[in-house]
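Visitor: Structure supplied as model13.tsv; contents: TSV, C-alpha atoms.
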```tsv
chain	number	residue	atom	x	y	z
A	1	LEU	CA	-5.90	-0.69	-11.51
A	2	LEU	CA	-2.46	-2.01	-12.37
A	3	PRO	CA	-1.42	-4.08	-15.39
A	4	ARG	CA	-0.97	-7.76	-14.60
A	5	ILE	CA	1.97	-9.91	-15.67
A	6	ASP	CA	0.46	-13.26	-14.64
A	7	GLN	CA	-2.44	-13.05	-17.08
A	8	GLU	CA	-4.22	-10.54	-19.30
A	9	GLY	CA	-5.97	-7.61	-17.65
A	10	ARG	CA	-5.55	-5.43	-14.60
A	11	VAL	CA	-5.66	-5.93	-10.84
A	12	LEU	CA	-6.97	-3.66	-8.10
A	13	ALA	CA	-4.59	-2.20	-5.52
A	14	THR	CA	-6.35	-0.68	-2.51
A	15	GLU	CA	-5.85	1.62	0.43
A	16	VAL	CA	-8.30	1.52	3.34
A	17	MET	CA	-8.75	4.15	6.03
A	18	VAL	CA	-11.40	3.55	8.70
A	19	ALA	CA	-13.02	6.48	10.50
A	20	THR	CA	-11.67	5.63	13.94
A	21	PRO	CA	-11.64	8.31	16.66
A	22	ALA	CA	-7.92	8.92	15.96
A	23	VAL	CA	-8.51	9.39	12.23
A	24	LYS	CA	-11.51	11.67	12.82
A	25	ASN	CA	-9.49	13.78	15.24
A	26	GLN	CA	-6.54	14.10	12.83
A	27	ILE	CA	-8.86	15.20	10.04
A	28	ARG	CA	-10.74	17.62	12.30
A	29	GLU	CA	-7.44	19.13	13.46
A	30	ARG	CA	-6.07	19.17	9.88
A	31	LYS	CA	-3.16	16.89	10.79
A	32	MET	CA	-3.15	15.20	7.39
A	33	ASN	CA	0.58	14.52	7.65
A	34	GLN	CA	-0.16	12.04	10.48
A	35	LEU	CA	-2.82	10.01	8.64
A	36	ARG	CA	-0.33	7.83	6.75
A	37	SER	CA	1.32	6.75	9.99
A	38	THR	CA	-2.06	6.07	11.62
A	39	ILE	CA	-3.17	3.90	8.70
A	40	GLU	CA	0.13	2.01	8.77
A	41	THR	CA	-0.16	1.21	12.47
A	42	SER	CA	-3.89	0.40	12.44
A	43	ARG	CA	-3.94	-2.89	10.57
A	44	LYS	CA	-5.98	-4.42	13.41
A	45	ASP	CA	-8.75	-1.92	12.55
A	46	GLY	CA	-8.80	-3.06	8.92
A	47	MET	CA	-6.64	-0.27	7.53
A	48	HIS	CA	-3.82	-0.67	5.06
A	49	LEU	CA	-1.71	1.52	2.80
A	50	MET	CA	-1.68	1.39	-0.99
A	51	ASP	CA	2.06	0.63	-0.72
A	52	HIS	CA	1.34	-2.62	1.14
A	53	SER	CA	-1.29	-3.66	-1.38
A	54	ILE	CA	1.15	-3.02	-4.25
A	55	ARG	CA	3.94	-4.84	-2.39
A	56	ASP	CA	1.71	-7.87	-1.87
A	57	LEU	CA	0.71	-7.93	-5.56
A	58	TYR	CA	4.38	-7.81	-6.54
A	59	GLN	CA	5.38	-10.53	-4.07
A	60	GLN	CA	2.60	-12.76	-5.40
A	61	GLY	CA	3.95	-12.34	-8.94
A	62	ILE	CA	0.83	-10.54	-10.15
A	63	ILE	CA	2.51	-7.23	-11.11
A	64	SER	CA	6.04	-6.42	-12.26
A	65	TYR	CA	8.71	-4.71	-10.18
A	66	ASP	CA	8.65	-1.77	-12.61
A	67	THR	CA	4.89	-1.37	-12.16
A	68	ALA	CA	5.28	-1.56	-8.38
A	69	VAL	CA	7.97	1.13	-8.17
A	70	THR	CA	6.06	3.37	-10.56
A	71	HIS	CA	2.95	3.40	-8.36
A	72	ILE	CA	4.34	3.03	-4.84
A	73	HIS	CA	4.86	5.96	-2.45
A	74	SER	CA	7.89	4.57	-0.64
A	75	THR	CA	10.11	2.05	-2.45
A	76	ASP	CA	11.52	0.98	0.95
A	77	VAL	CA	8.43	-1.21	1.30
A	78	LEU	CA	9.60	-3.35	-1.63
A	79	GLY	CA	13.17	-3.84	-0.49
A	80	PRO	CA	15.86	-4.56	-3.09
A	81	LYS	CA	14.77	-5.66	-6.56
A	82	SER	CA	14.20	-9.38	-6.38
A	83	GLN	CA	12.17	-12.11	-7.98
A	84	PRO	CA	8.47	-12.12	-7.04
A	85	GLY	CA	7.83	-14.27	-4.00
A	86	THR	CA	11.28	-13.66	-2.49
A	87	ALA	CA	10.90	-10.14	-1.07
A	88	GLN	CA	10.68	-9.79	2.72
A	89	ARG	CA	7.36	-8.95	4.34
```
Starting from the file, lay out its structure as structure tokens.

Guide:
Amino acid sequence: LLPRIDQEGRVLATEVMVATPAVKNQIRERKMNQLRSTIETSRKDGMHLMDHSIRDLYQQGIISYDTAVTHIHSTDVLGPKSQPGTAQR
């Protein structure tokens, strides 16, 4: 839960990993370092990274840039500091 800037309260940022055969195999073979890449490339299977959820919340003007960079794994996802709604997707 991240603090909102658009209104009082907090907003949920999520990460979803689906137990596809590739994910199951990576876990079984203890290839945890590959899971992030699999989640990132498996959007069609309903997966998404926390970074993308945080980026979307920032771009929608729901959370601040400072909150985003504090909780994001890779700041490259955000791009340069900009006004909400202007960052590239």

Visitor: What's the separation between atom CA of A:Leu12 and atom CA of A:Leu57, in Å to one decimal place?

Guide: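 One can read the atom CA of A:Leu12 to atom CA of A:Leu57 distance as 9.1 Å.
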
Visitor: Quick one: pull the distance between atom CA of A:Ile72 and atom CA of A:Met50, Å, one decimal.

Guide: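 Atom-to-atom, atom CA of A:Ile72 to atom CA of A:Met50, that is 7.3 Å.
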
Visitor: Atom CA of A:Met17 to atom CA of A:Arg36: how many Å, to one decimal?

Guide: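 Value for the atom CA of A:Met17-atom CA of A:Arg36 distance: 9.2 Å.
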
Visitor: Which residue, A:Ile62, A:Val77, A:Ala68, A:Leu35, has the smallest gap to A:Glu8 when you use all atoms listed in the file?

Guide: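 Closest to A:Glu8, using all atoms listed in the file: A:Ile62.
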
Visitor: For A:Asp56, which of A:Pro21, A:Gln7, A:Ile39, A:Leu78 is the closest residue, counting all atoms listed in the file?

Guide: A:Leu78

Visitor: Please return, as a CSV table (one decimal) with C-alpha atoms, keeping the file's coordinate frame, all polymer residues that have at least one atom within 9 Å of the point (7.5, -7.3, -9.5); use only C-alpha atoms and the file's own coordinate frame.

Guide:
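Saved the output as part.csv:
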```csv
chain,number,residue,atom,x,y,z
A,5,ILE,CA,2.0,-9.9,-15.7
A,55,ARG,CA,3.9,-4.8,-2.4
A,57,LEU,CA,0.7,-7.9,-5.6
A,58,TYR,CA,4.4,-7.8,-6.5
A,59,GLN,CA,5.4,-10.5,-4.1
A,60,GLN,CA,2.6,-12.8,-5.4
A,61,GLY,CA,4.0,-12.3,-8.9
A,62,ILE,CA,0.8,-10.5,-10.2
A,63,ILE,CA,2.5,-7.2,-11.1
A,64,SER,CA,6.0,-6.4,-12.3
A,65,TYR,CA,8.7,-4.7,-10.2
A,66,ASP,CA,8.6,-1.8,-12.6
A,67,THR,CA,4.9,-1.4,-12.2
A,68,ALA,CA,5.3,-1.6,-8.4
A,69,VAL,CA,8.0,1.1,-8.2
A,81,LYS,CA,14.8,-5.7,-6.6
A,82,SER,CA,14.2,-9.4,-6.4
A,83,GLN,CA,12.2,-12.1,-8.0
A,84,PRO,CA,8.5,-12.1,-7.0
A,85,GLY,CA,7.8,-14.3,-4.0
```
